[in-house]
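Novice: Hey, dropping structure_30.txt in here, compact mmCIF, C-alpha atoms and all ligand atoms:
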# COMPACT_ATOMS: atom_id res chain seq x y z
CA MET U 23 -16.67 -8.99 -4.26
CA LEU U 24 -15.29 -6.82 -7.03
CA ILE U 25 -11.79 -5.34 -6.97
CA ARG U 26 -11.49 -2.32 -9.27
CA GLU U 27 -9.85 1.06 -9.66
CA GLU U 28 -11.35 3.88 -7.60
CA LYS U 29 -13.77 6.30 -9.21
CA PRO U 30 -14.49 9.88 -8.06
CA GLU U 31 -17.77 8.77 -6.52
CA ASP U 32 -15.92 6.29 -4.27
CA ILE U 33 -13.96 8.95 -2.40
CA ALA U 34 -16.38 9.33 0.53
CA GLY U 35 -16.67 5.55 0.86
CA ILE U 36 -12.90 5.18 0.82
CA ARG U 37 -12.58 7.75 3.60
CA GLY U 38 -15.20 5.88 5.61
CA VAL U 39 -13.46 2.51 5.27
CA ILE U 40 -10.01 3.86 6.11
CA SER U 41 -11.25 5.85 9.11
CA ALA U 42 -13.20 2.86 10.45
CA ALA U 43 -10.27 0.45 9.99
CA PHE U 44 -7.68 2.71 11.61
CA GLY U 45 -10.04 4.31 14.13
CA ARG U 46 -9.01 7.80 13.06
CA PRO U 47 -9.05 9.93 9.92
CA ALA U 48 -5.28 10.54 9.57
CA GLU U 49 -4.68 7.83 6.97
CA ALA U 50 -7.72 8.94 4.95
CA ASP U 51 -6.27 12.47 4.89
CA ILE U 52 -2.98 11.08 3.56
CA VAL U 53 -4.80 9.24 0.79
CA ASP U 54 -6.61 12.44 -0.18
CA ALA U 55 -3.32 14.36 -0.29
CA LEU U 56 -1.59 11.64 -2.31
CA ARG U 57 -4.50 11.59 -4.77
CA GLN U 58 -3.68 15.21 -5.56
CA ARG U 59 0.08 14.84 -5.72
CA ALA U 60 1.38 11.31 -6.34
CA GLN U 61 1.79 9.98 -9.85
CA PRO U 62 1.24 7.17 -10.71
CA PHE U 63 -1.40 6.61 -8.10
CA VAL U 64 -2.78 3.07 -7.94
CA SER U 65 -5.91 3.13 -5.83
CA LEU U 66 -8.14 0.09 -5.79
CA VAL U 67 -11.38 -0.55 -3.98
CA ALA U 68 -13.17 -3.71 -2.97
CA GLU U 69 -16.86 -3.29 -3.73
CA HIS U 70 -19.58 -5.45 -2.19
CA GLU U 71 -23.26 -4.88 -2.94
CA GLY U 72 -22.47 -1.42 -4.26
CA GLU U 73 -20.50 -0.36 -1.17
CA VAL U 74 -16.78 0.25 -0.77
CA VAL U 75 -15.61 -2.29 1.85
CA GLY U 76 -11.86 -2.18 1.25
CA HIS U 77 -9.16 0.04 -0.20
CA ILE U 78 -5.49 -0.16 -1.08
CA LEU U 79 -3.08 2.46 -2.32
CA PHE U 80 0.31 2.20 -4.01
CA THR U 81 2.45 5.27 -4.70
CA PRO U 82 5.95 5.54 -6.15
CA VAL U 83 9.02 5.57 -3.93
CA THR U 84 12.50 6.73 -4.79
CA LEU U 85 15.74 4.94 -4.13
CA ALA U 86 18.95 6.92 -4.19
CA GLY U 87 21.27 5.03 -6.52
CA GLY U 88 18.44 2.82 -7.74
CA GLY U 89 18.93 3.73 -11.37
CA ASP U 90 15.87 3.08 -13.52
CA LEU U 91 14.26 0.79 -10.99
CA LYS U 92 10.56 1.62 -10.66
CA MET U 93 9.30 0.80 -7.21
CA ALA U 94 6.10 1.48 -5.28
CA ALA U 95 5.04 1.52 -1.65
CA LEU U 96 1.91 -0.18 -0.43
CA ALA U 97 0.33 2.28 2.02
CA PRO U 98 -2.20 2.40 3.37
CA MET U 99 -4.59 -0.50 3.06
CA ALA U 100 -7.81 -0.92 4.95
CA VAL U 101 -10.78 -3.25 5.09
CA ALA U 102 -14.01 -2.28 6.84
CA PRO U 103 -14.02 -4.02 10.24
CA LYS U 104 -16.98 -6.28 9.56
CA TYR U 105 -15.43 -7.49 6.28
CA GLN U 106 -11.99 -8.29 7.70
CA VAL U 107 -10.43 -11.77 7.71
CA ARG U 108 -12.39 -12.86 4.64
CA GLY U 109 -9.66 -12.46 2.05
CA VAL U 110 -10.56 -8.92 0.96
CA GLY U 111 -7.13 -7.61 1.91
CA ALA U 112 -5.42 -10.42 0.02
CA ALA U 113 -7.47 -9.75 -3.10
CA LEU U 114 -6.55 -6.06 -2.93
CA VAL U 115 -2.83 -6.79 -2.59
CA LEU U 116 -2.71 -9.34 -5.40
CA THR U 117 -4.79 -7.25 -7.80
CA GLY U 118 -2.62 -4.29 -6.91
CA PHE U 119 0.49 -6.22 -7.94
CA GLU U 120 -1.07 -6.80 -11.38
CA HIS U 121 -1.70 -3.07 -11.79
CA LEU U 122 1.86 -2.26 -10.73
CA ARG U 123 3.29 -4.71 -13.25
CA LEU U 124 1.27 -3.04 -16.00
CA LEU U 125 2.89 0.25 -14.96
CA GLY U 126 6.35 -1.29 -15.24
CA MET U 127 6.97 -1.39 -11.49
CA SER U 128 9.56 -3.99 -10.52
CA ALA U 129 9.26 -4.06 -6.74
CA VAL U 130 7.03 -3.04 -3.85
CA VAL U 131 7.88 -2.07 -0.29
CA VAL U 132 5.64 -2.00 2.75
CA ILE U 133 5.91 -1.04 6.40
CA GLY U 134 3.56 -3.38 8.15
CA HIS U 135 2.86 -6.46 10.17
CA PRO U 136 5.54 -9.11 9.62
CA SER U 137 2.93 -11.81 10.22
CA TYR U 138 0.69 -10.60 7.37
CA TYR U 139 2.70 -9.47 4.34
CA PRO U 140 5.10 -12.43 3.80
CA ARG U 141 2.17 -14.48 2.43
CA PHE U 142 2.27 -12.21 -0.64
CA GLY U 143 6.02 -12.63 -1.19
CA PHE U 144 7.28 -9.80 1.01
CA SER U 145 10.40 -10.38 3.10
CA GLN U 146 12.66 -8.20 5.18
CA ALA U 147 13.91 -5.36 3.01
CA ASP U 148 17.31 -5.15 4.66
CA ALA U 149 18.15 -8.56 3.17
CA PHE U 150 17.80 -6.87 -0.26
CA GLY U 151 20.06 -3.99 0.82
CA LEU U 152 17.16 -1.60 1.31
CA LYS U 153 16.80 0.70 4.29
CA SER U 154 13.77 2.68 5.37
CA GLU U 155 13.91 6.43 5.80
CA TYR U 156 11.84 5.81 8.95
CA ASN U 157 13.20 4.55 12.24
CA VAL U 158 11.23 1.29 12.24
CA PRO U 159 12.21 -2.21 13.38
CA ASP U 160 13.92 -4.22 10.64
CA ASP U 161 11.20 -6.85 10.49
CA VAL U 162 8.39 -4.41 9.62
CA PHE U 163 10.09 -2.90 6.57
CA MET U 164 9.58 -5.43 3.80
CA ALA U 165 10.06 -5.66 0.05
CA CYS U 166 8.69 -7.85 -2.69
CA GLU U 167 10.14 -8.25 -6.18
CA LEU U 168 7.50 -8.16 -8.92
CA ASP U 169 10.24 -9.05 -11.40
CA PRO U 170 12.37 -11.80 -9.88
CA GLY U 171 15.87 -10.47 -9.34
CA ALA U 172 14.83 -6.83 -9.70
CA LEU U 173 16.42 -5.92 -6.38
CA ALA U 174 19.66 -7.86 -6.89
CA GLY U 175 22.61 -5.58 -6.26
CA VAL U 176 20.42 -2.65 -5.27
CA ILE U 177 21.50 -0.84 -2.11
CA GLY U 178 20.05 2.32 -0.64
CA THR U 179 17.46 4.13 1.38
CA VAL U 180 13.89 4.07 0.15
CA SER U 181 12.04 7.38 0.34
CA TYR U 182 8.28 7.56 0.32
CA HIS U 183 6.35 10.37 -1.35
CA PRO U 184 6.87 13.67 0.57
CA VAL U 185 3.21 13.62 1.65
CA PHE U 186 4.07 10.86 4.12
CA ARG U 187 6.88 12.90 5.70
CA GLU U 188 4.78 16.03 5.86
CA THR U 189 2.09 14.17 7.76
CA GLN U 190 4.56 12.06 9.83
CA GLN U 191 2.79 8.89 8.76
CA HIS U 192 3.88 5.95 6.67
C1 LIG U 201 -4.72 -5.41 7.62
C2 LIG U 201 -6.06 -5.53 6.89
C3 LIG U 201 -6.11 -4.59 5.71
C4 LIG U 201 -6.20 -6.98 6.41
O1 LIG U 201 -7.39 -7.11 5.66
P1 LIG U 201 -8.24 -8.46 5.70
O2 LIG U 201 -9.23 -8.40 4.61
O3 LIG U 201 -8.72 -8.71 7.08
O4 LIG U 201 -7.09 -9.52 5.36
P2 LIG U 201 -7.23 -10.98 4.76
O5 LIG U 201 -8.62 -11.48 4.98
O6 LIG U 201 -6.67 -10.99 3.41
O7 LIG U 201 -6.21 -11.75 5.65
C5 LIG U 201 -6.60 -12.13 6.94
C6 LIG U 201 -5.36 -12.53 7.67
O8 LIG U 201 -4.64 -11.35 8.01
C7 LIG U 201 -4.40 -11.35 9.38
N1 LIG U 201 -4.42 -9.98 9.83
C8 LIG U 201 -5.38 -9.07 9.67
N2 LIG U 201 -5.01 -7.93 10.27
C9 LIG U 201 -3.80 -8.15 10.81
C10 LIG U 201 -2.92 -7.39 11.58
N3 LIG U 201 -3.22 -6.13 11.93
N4 LIG U 201 -1.74 -7.93 11.95
C11 LIG U 201 -1.44 -9.19 11.62
N5 LIG U 201 -2.25 -9.98 10.91
C12 LIG U 201 -3.41 -9.46 10.52
C13 LIG U 201 -5.55 -12.13 9.97
O9 LIG U 201 -5.21 -12.65 11.23
C14 LIG U 201 -5.68 -13.26 8.96
O10 LIG U 201 -4.65 -14.21 9.15
P3 LIG U 201 -4.83 -15.73 8.71
O11 LIG U 201 -5.14 -15.72 7.25
O12 LIG U 201 -3.50 -16.32 9.02
O13 LIG U 201 -5.95 -16.23 9.53
C15 LIG U 201 -7.26 -5.21 7.83
O14 LIG U 201 -7.17 -6.05 8.95
C16 LIG U 201 -7.31 -3.77 8.29
O15 LIG U 201 -7.92 -2.94 7.64
N6 LIG U 201 -6.68 -3.47 9.43
C17 LIG U 201 -6.67 -2.12 10.00
C18 LIG U 201 -5.81 -1.17 9.17
C19 LIG U 201 -4.39 -1.65 9.05
O16 LIG U 201 -3.75 -2.06 10.03
N7 LIG U 201 -3.87 -1.63 7.80
C20 LIG U 201 -2.56 -2.15 7.50
C21 LIG U 201 -1.48 -1.13 7.65
S1 LIG U 201 -1.47 0.01 6.28
Please rewrite the model in this file as structure tokens.
Specialist:
Amino acid sequence: MLIREEKPEDIAGIRGVISAAFGRPAEADIVDALRQRAQPFVSLVAEHEGEVVGHILFTPVTLAGGGDLKMAALAPMAVAPKYQVRGVGAALVLTGFEHLRLLGMSAVVVIGHPSYYPRFGFSQADAFGLKSEYNVPDDVFMACELDPGALAGVIGTVSYHPVFRETQQH
């Protein structure tokens, strides 16, 4: 299993994995729109025997009053159904963190399953003083400091890239 940055020739495979994992194409459409508009755009694939079997995307978020803090959102991530529960998702998340650190990102947020993301260091974002722009339960909006202490004293509402609002997804 190889985790690497996406290449143009991966785009169809990425769409296939996301659509299969979510059972619909909406998230793949969001990824395509973000590829055009979000910067920086950290898009990694898991490749197995020449095929894309997993994908993860990180795009920048803004935090009113967050000063120079550089923060990203993890969304979406997907692993092809027959490759799930083998550690592919974990490898994508952890490699993604390395790429974000190289870009000077200090923290990551995610809206997701509270039973999955804490294993990577995520915990409830409201404990850091962060609120979601979306009306989601407190336990699904999580944050992870890439630089320990990066979120100390930070308070505010995290806004995802406008593409997410326009498509009513997160
Ligand atoms: C979520 C997802 C990316 C995880 O990928 P993966 O390669 O199966 O994950 P890993 O192998 O690293 O981790 C497996 C663990 O995650 C758990 N897990 C997988 N999907 C989960 C889910 N939807 N909710 C809670 N836990 C989940 C498994 O139970 C397993 O737990 P364990 O290690 O305690 O046994 C994959 O299941 C997927 O594509 N799901 C559909 C799309 C989706 O929901 N994406 C996330 C929201 S953006």
Novice: Please define a box with edges along x, y and z of the file around all atoms of segment 35-49 of chain U given in the file, extend it by 6 Å on each side, and return its centre and edge lengths in Å to one decimal, as lines of an AutoDock Vina configuration file.
Specialist:
center_x = -10.7
center_y = 5.5
center_z = 7.5
size_x = 24.0
size_y = 22.1
size_z = 25.3
Novice: Around the point (1.4, -1.6, -0.5), in the coordinates given by the file, pick out the residues reaching within 12 Å, counting only C-alpha atoms, and return them as number ranges by chain.
Specialist: U: 63-66, 77-83, 93-100, 111-112, 114-119, 121-122, 129-135, 138-139, 142-144, 163-166, 182, 192
Novice: As an exercise, work out the distance from atom C6 of ligand LIG 201 (chain U) to atom CA of Ala102 of chain U in Å and give it to one decimal place.
Specialist: 13.4 Å
Novice: From the list U:Pro47, U:Gly109, U:Gly88, U:Pro136, which residue is nearest ligand LIG 201 (chain U) when using all atoms listed in the file?
Specialist: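 With all atoms listed in the file as the atom set, the closest residue is U:Gly109.
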Novice: Fewer than 6 positions away in the same chain doesn't count, so skip those; otherwise give me all residues within 12 Å of Arg46 of chain U, counting only C-alpha atoms, as a list of chain:residue names.
Specialist: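 Residues meeting the cut-off are U:Arg37, U:Gly38, U:Val39, U:Ile40, U:Ile52, U:Ala100.
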Novice: Only C-alpha atoms, please: the residues just picked out, written as a PDB file, keeping the file's coordinate frame.
Specialist:
ATOM      1  CA  ARG U  37     -12.580   7.750   3.600  1.00  0.00           C
ATOM      2  CA  GLY U  38     -15.200   5.880   5.610  1.00  0.00           C
ATOM      3  CA  VAL U  39     -13.460   2.510   5.270  1.00  0.00           C
ATOM      4  CA  ILE U  40     -10.010   3.860   6.110  1.00  0.00           C
ATOM      5  CA  ILE U  52      -2.980  11.080   3.560  1.00  0.00           C
ATOM      6  CA  ALA U 100      -7.810  -0.920   4.950  1.00  0.00           C
TER       7      ALA U 100
END
Novice: My list of candidates is U:Met127, U:Leu85, U:Leu91, U:Leu168. Which is closest to Glu155 of chain U when distances are computed with all atoms listed in the file?
Specialist: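 Comparing U:Met127, U:Leu85, U:Leu91, U:Leu168 against Glu155 of chain U, the winner is U:Leu85.
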Novice: Taking (-12.6, -7.8, 9.4) in the file's coordinates as the center, which residues reach within 12 Å of it, counting all atoms listed in the file, put as an NGL selection string?
Specialist: :U and (39 or 42-44 or 75-76 or 100-111)
Novice: Mind dumping the selected residues with C-alpha atoms as a PDB file, in the frame of the given file?
Specialist:
ATOM      1  CA  VAL U  39     -13.460   2.510   5.270  1.00  0.00           C
ATOM      2  CA  ALA U  42     -13.200   2.860  10.450  1.00  0.00           C
ATOM      3  CA  ALA U  43     -10.270   0.450   9.990  1.00  0.00           C
ATOM      4  CA  PHE U  44      -7.680   2.710  11.610  1.00  0.00           C
ATOM      5  CA  VAL U  75     -15.610  -2.290   1.850  1.00  0.00           C
ATOM      6  CA  GLY U  76     -11.860  -2.180   1.250  1.00  0.00           C
ATOM      7  CA  ALA U 100      -7.810  -0.920   4.950  1.00  0.00           C
ATOM      8  CA  VAL U 101     -10.780  -3.250   5.090  1.00  0.00           C
ATOM      9  CA  ALA U 102     -14.010  -2.280   6.840  1.00  0.00           C
ATOM     10  CA  PRO U 103     -14.020  -4.020  10.240  1.00  0.00           C
ATOM     11  CA  LYS U 104     -16.980  -6.280   9.560  1.00  0.00           C
ATOM     12  CA  TYR U 105     -15.430  -7.490   6.280  1.00  0.00           C
ATOM     13  CA  GLN U 106     -11.990  -8.290   7.700  1.00  0.00           C
ATOM     14  CA  VAL U 107     -10.430 -11.770   7.710  1.00  0.00           C
ATOM     15  CA  ARG U 108     -12.390 -12.860   4.640  1.00  0.00           C
ATOM     16  CA  GLY U 109      -9.660 -12.460   2.050  1.00  0.00           C
ATOM     17  CA  VAL U 110     -10.560  -8.920   0.960  1.00  0.00           C
ATOM     18  CA  GLY U 111      -7.130  -7.610   1.910  1.00  0.00           C
TER      19      GLY U 111
END
Novice: Mind giving me the straight-line distance from atom CA of Gly171 of chain U to atom CA of Phe150 of chain U in Å, one decimal?
Specialist: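 Rounded to one decimal, the two atoms are 10.0 Å apart.
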Novice: Could you jot down the atom CA of Glu167 of chain U to atom CA of Ser154 of chain U separation for me, Å, one decimal place?
Specialist: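 A separation of 16.3 Å between them.
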Novice: With distances taken over only C-alpha atoms and all ligand atoms, which residue among U:Gly87, U:Gly151, U:Gly178, U:Pro140 lies nearest ligand LIG 201 (chain U)?
Specialist: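 Ranked by minimum distance to ligand LIG 201 (chain U), first place goes to U:Pro140.
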Novice: Restricting the calculation to all atoms listed in the file: of U:Asp54, U:Asp90, U:Glu49, U:Glu69, which residue gets closest to ligand LIG 201 (chain U)?
Specialist: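 Between U:Asp54, U:Asp90, U:Glu49, U:Glu69, the residue approaching ligand LIG 201 (chain U) most closely is U:Glu49.
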Novice: Smallest atom-to-atom distance to Leu173 of chain U: which of U:Gly89, U:Leu125, U:Asn157, U:Thr189, using all atoms listed in the file?
Specialist: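 Between U:Gly89, U:Leu125, U:Asn157, U:Thr189, the residue approaching Leu173 of chain U most closely is U:Gly89.
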Novice: For ligand LIG 201 (chain U), which residue among U:Ala172, U:Val53, U:Ala147, U:Ile177 is the nearest when counting all atoms listed in the file?
Specialist: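 Ranked by minimum distance to ligand LIG 201 (chain U), first place goes to U:Val53.
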Novice: Missing atoms in segment 124-146 of chain U: fill them in up to N, CA, C and O atoms and send the result as an mmCIF file, in the frame of the given file.
Specialist:
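And here is the file that came out, out.cif:
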data_model
loop_
_atom_site.group_PDB
_atom_site.id
_atom_site.type_symbol
_atom_site.label_atom_id
_atom_site.label_comp_id
_atom_site.auth_asym_id
_atom_site.auth_seq_id
_atom_site.Cartn_x
_atom_site.Cartn_y
_atom_site.Cartn_z
ATOM 1 N N LEU U 124 1.673 -3.716 -14.757
ATOM 2 C CA LEU U 124 1.270 -3.040 -16.000
ATOM 3 C C LEU U 124 1.904 -1.657 -16.115
ATOM 4 O O LEU U 124 2.093 -1.142 -17.210
ATOM 5 N N LEU U 125 2.233 -1.067 -14.965
ATOM 6 C CA LEU U 125 2.890 0.250 -14.960
ATOM 7 C C LEU U 125 4.414 0.134 -15.048
ATOM 8 O O LEU U 125 5.124 1.134 -14.986
ATOM 9 N N GLY U 126 4.905 -1.100 -15.128
ATOM 10 C CA GLY U 126 6.350 -1.290 -15.240
ATOM 11 C C GLY U 126 7.079 -1.238 -13.916
ATOM 12 O O GLY U 126 8.310 -1.098 -13.880
ATOM 13 N N MET U 127 6.327 -1.372 -12.805
ATOM 14 C CA MET U 127 6.970 -1.390 -11.490
ATOM 15 C C MET U 127 7.612 -2.763 -11.263
ATOM 16 O O MET U 127 7.006 -3.800 -11.572
ATOM 17 N N SER U 128 8.827 -2.741 -10.706
ATOM 18 C CA SER U 128 9.560 -3.990 -10.520
ATOM 19 C C SER U 128 9.558 -4.512 -9.092
ATOM 20 O O SER U 128 9.922 -5.659 -8.842
ATOM 21 N N ALA U 129 9.213 -3.641 -8.140
ATOM 22 C CA ALA U 129 9.260 -4.060 -6.740
ATOM 23 C C ALA U 129 8.297 -3.199 -5.919
ATOM 24 O O ALA U 129 7.919 -2.094 -6.339
ATOM 25 N N VAL U 130 7.932 -3.731 -4.768
ATOM 26 C CA VAL U 130 7.030 -3.040 -3.850
ATOM 27 C C VAL U 130 7.623 -3.103 -2.454
ATOM 28 O O VAL U 130 8.182 -4.136 -2.070
ATOM 29 N N VAL U 131 7.488 -2.033 -1.701
ATOM 30 C CA VAL U 131 7.880 -2.070 -0.290
ATOM 31 C C VAL U 131 6.638 -1.819 0.566
ATOM 32 O O VAL U 131 5.646 -1.243 0.095
ATOM 33 N N VAL U 132 6.726 -2.254 1.805
ATOM 34 C CA VAL U 132 5.640 -2.000 2.750
ATOM 35 C C VAL U 132 6.233 -1.889 4.143
ATOM 36 O O VAL U 132 7.243 -2.537 4.445
ATOM 37 N N ILE U 133 5.623 -1.054 4.962
ATOM 38 C CA ILE U 133 5.910 -1.040 6.400
ATOM 39 C C ILE U 133 4.658 -1.583 7.045
ATOM 40 O O ILE U 133 3.592 -0.955 6.952
ATOM 41 N N GLY U 134 4.775 -2.767 7.631
ATOM 42 C CA GLY U 134 3.560 -3.380 8.150
ATOM 43 C C GLY U 134 3.841 -4.597 8.992
ATOM 44 O O GLY U 134 4.990 -4.879 9.354
ATOM 45 N N HIS U 135 2.782 -5.316 9.259
ATOM 46 C CA HIS U 135 2.860 -6.460 10.170
ATOM 47 C C HIS U 135 3.645 -7.602 9.538
ATOM 48 O O HIS U 135 3.248 -8.135 8.502
ATOM 49 N N PRO U 136 4.734 -8.034 10.201
ATOM 50 C CA PRO U 136 5.540 -9.110 9.620
ATOM 51 C C PRO U 136 4.828 -10.459 9.599
ATOM 52 O O PRO U 136 5.299 -11.388 8.960
ATOM 53 N N SER U 137 3.676 -10.553 10.282
ATOM 54 C CA SER U 137 2.930 -11.810 10.220
ATOM 55 C C SER U 137 1.925 -11.812 9.057
ATOM 56 O O SER U 137 1.332 -12.841 8.757
ATOM 57 N N TYR U 138 1.716 -10.667 8.425
ATOM 58 C CA TYR U 138 0.690 -10.600 7.370
ATOM 59 C C TYR U 138 1.296 -10.586 5.959
ATOM 60 O O TYR U 138 0.896 -11.355 5.095
ATOM 61 N N TYR U 139 2.262 -9.707 5.718
ATOM 62 C CA TYR U 139 2.700 -9.470 4.340
ATOM 63 C C TYR U 139 3.557 -10.566 3.712
ATOM 64 O O TYR U 139 3.560 -10.692 2.475
ATOM 65 N N PRO U 140 4.300 -11.385 4.474
ATOM 66 C CA PRO U 140 5.100 -12.430 3.800
ATOM 67 C C PRO U 140 4.280 -13.377 2.942
ATOM 68 O O PRO U 140 4.794 -13.931 1.961
ATOM 69 N N ARG U 141 2.995 -13.562 3.247
ATOM 70 C CA ARG U 141 2.170 -14.480 2.430
ATOM 71 C C ARG U 141 2.044 -14.002 0.981
ATOM 72 O O ARG U 141 1.673 -14.763 0.102
ATOM 73 N N PHE U 142 2.337 -12.732 0.728
ATOM 74 C CA PHE U 142 2.270 -12.210 -0.640
ATOM 75 C C PHE U 142 3.639 -12.165 -1.329
ATOM 76 O O PHE U 142 3.766 -11.670 -2.451
ATOM 77 N N GLY U 143 4.673 -12.629 -0.615
ATOM 78 C CA GLY U 143 6.020 -12.630 -1.190
ATOM 79 C C GLY U 143 6.927 -11.568 -0.605
ATOM 80 O O GLY U 143 8.076 -11.444 -1.025
ATOM 81 N N PHE U 144 6.419 -10.800 0.363
ATOM 82 C CA PHE U 144 7.280 -9.800 1.010
ATOM 83 C C PHE U 144 8.245 -10.486 1.981
ATOM 84 O O PHE U 144 7.869 -11.460 2.651
ATOM 85 N N SER U 145 9.457 -9.952 2.076
ATOM 86 C CA SER U 145 10.400 -10.380 3.100
ATOM 87 C C SER U 145 11.200 -9.167 3.547
ATOM 88 O O SER U 145 11.092 -8.084 2.941
ATOM 89 N N GLN U 146 11.975 -9.347 4.589
ATOM 90 C CA GLN U 146 12.660 -8.200 5.180
ATOM 91 C C GLN U 146 13.483 -7.451 4.135
ATOM 92 O O GLN U 146 14.316 -8.041 3.434
#
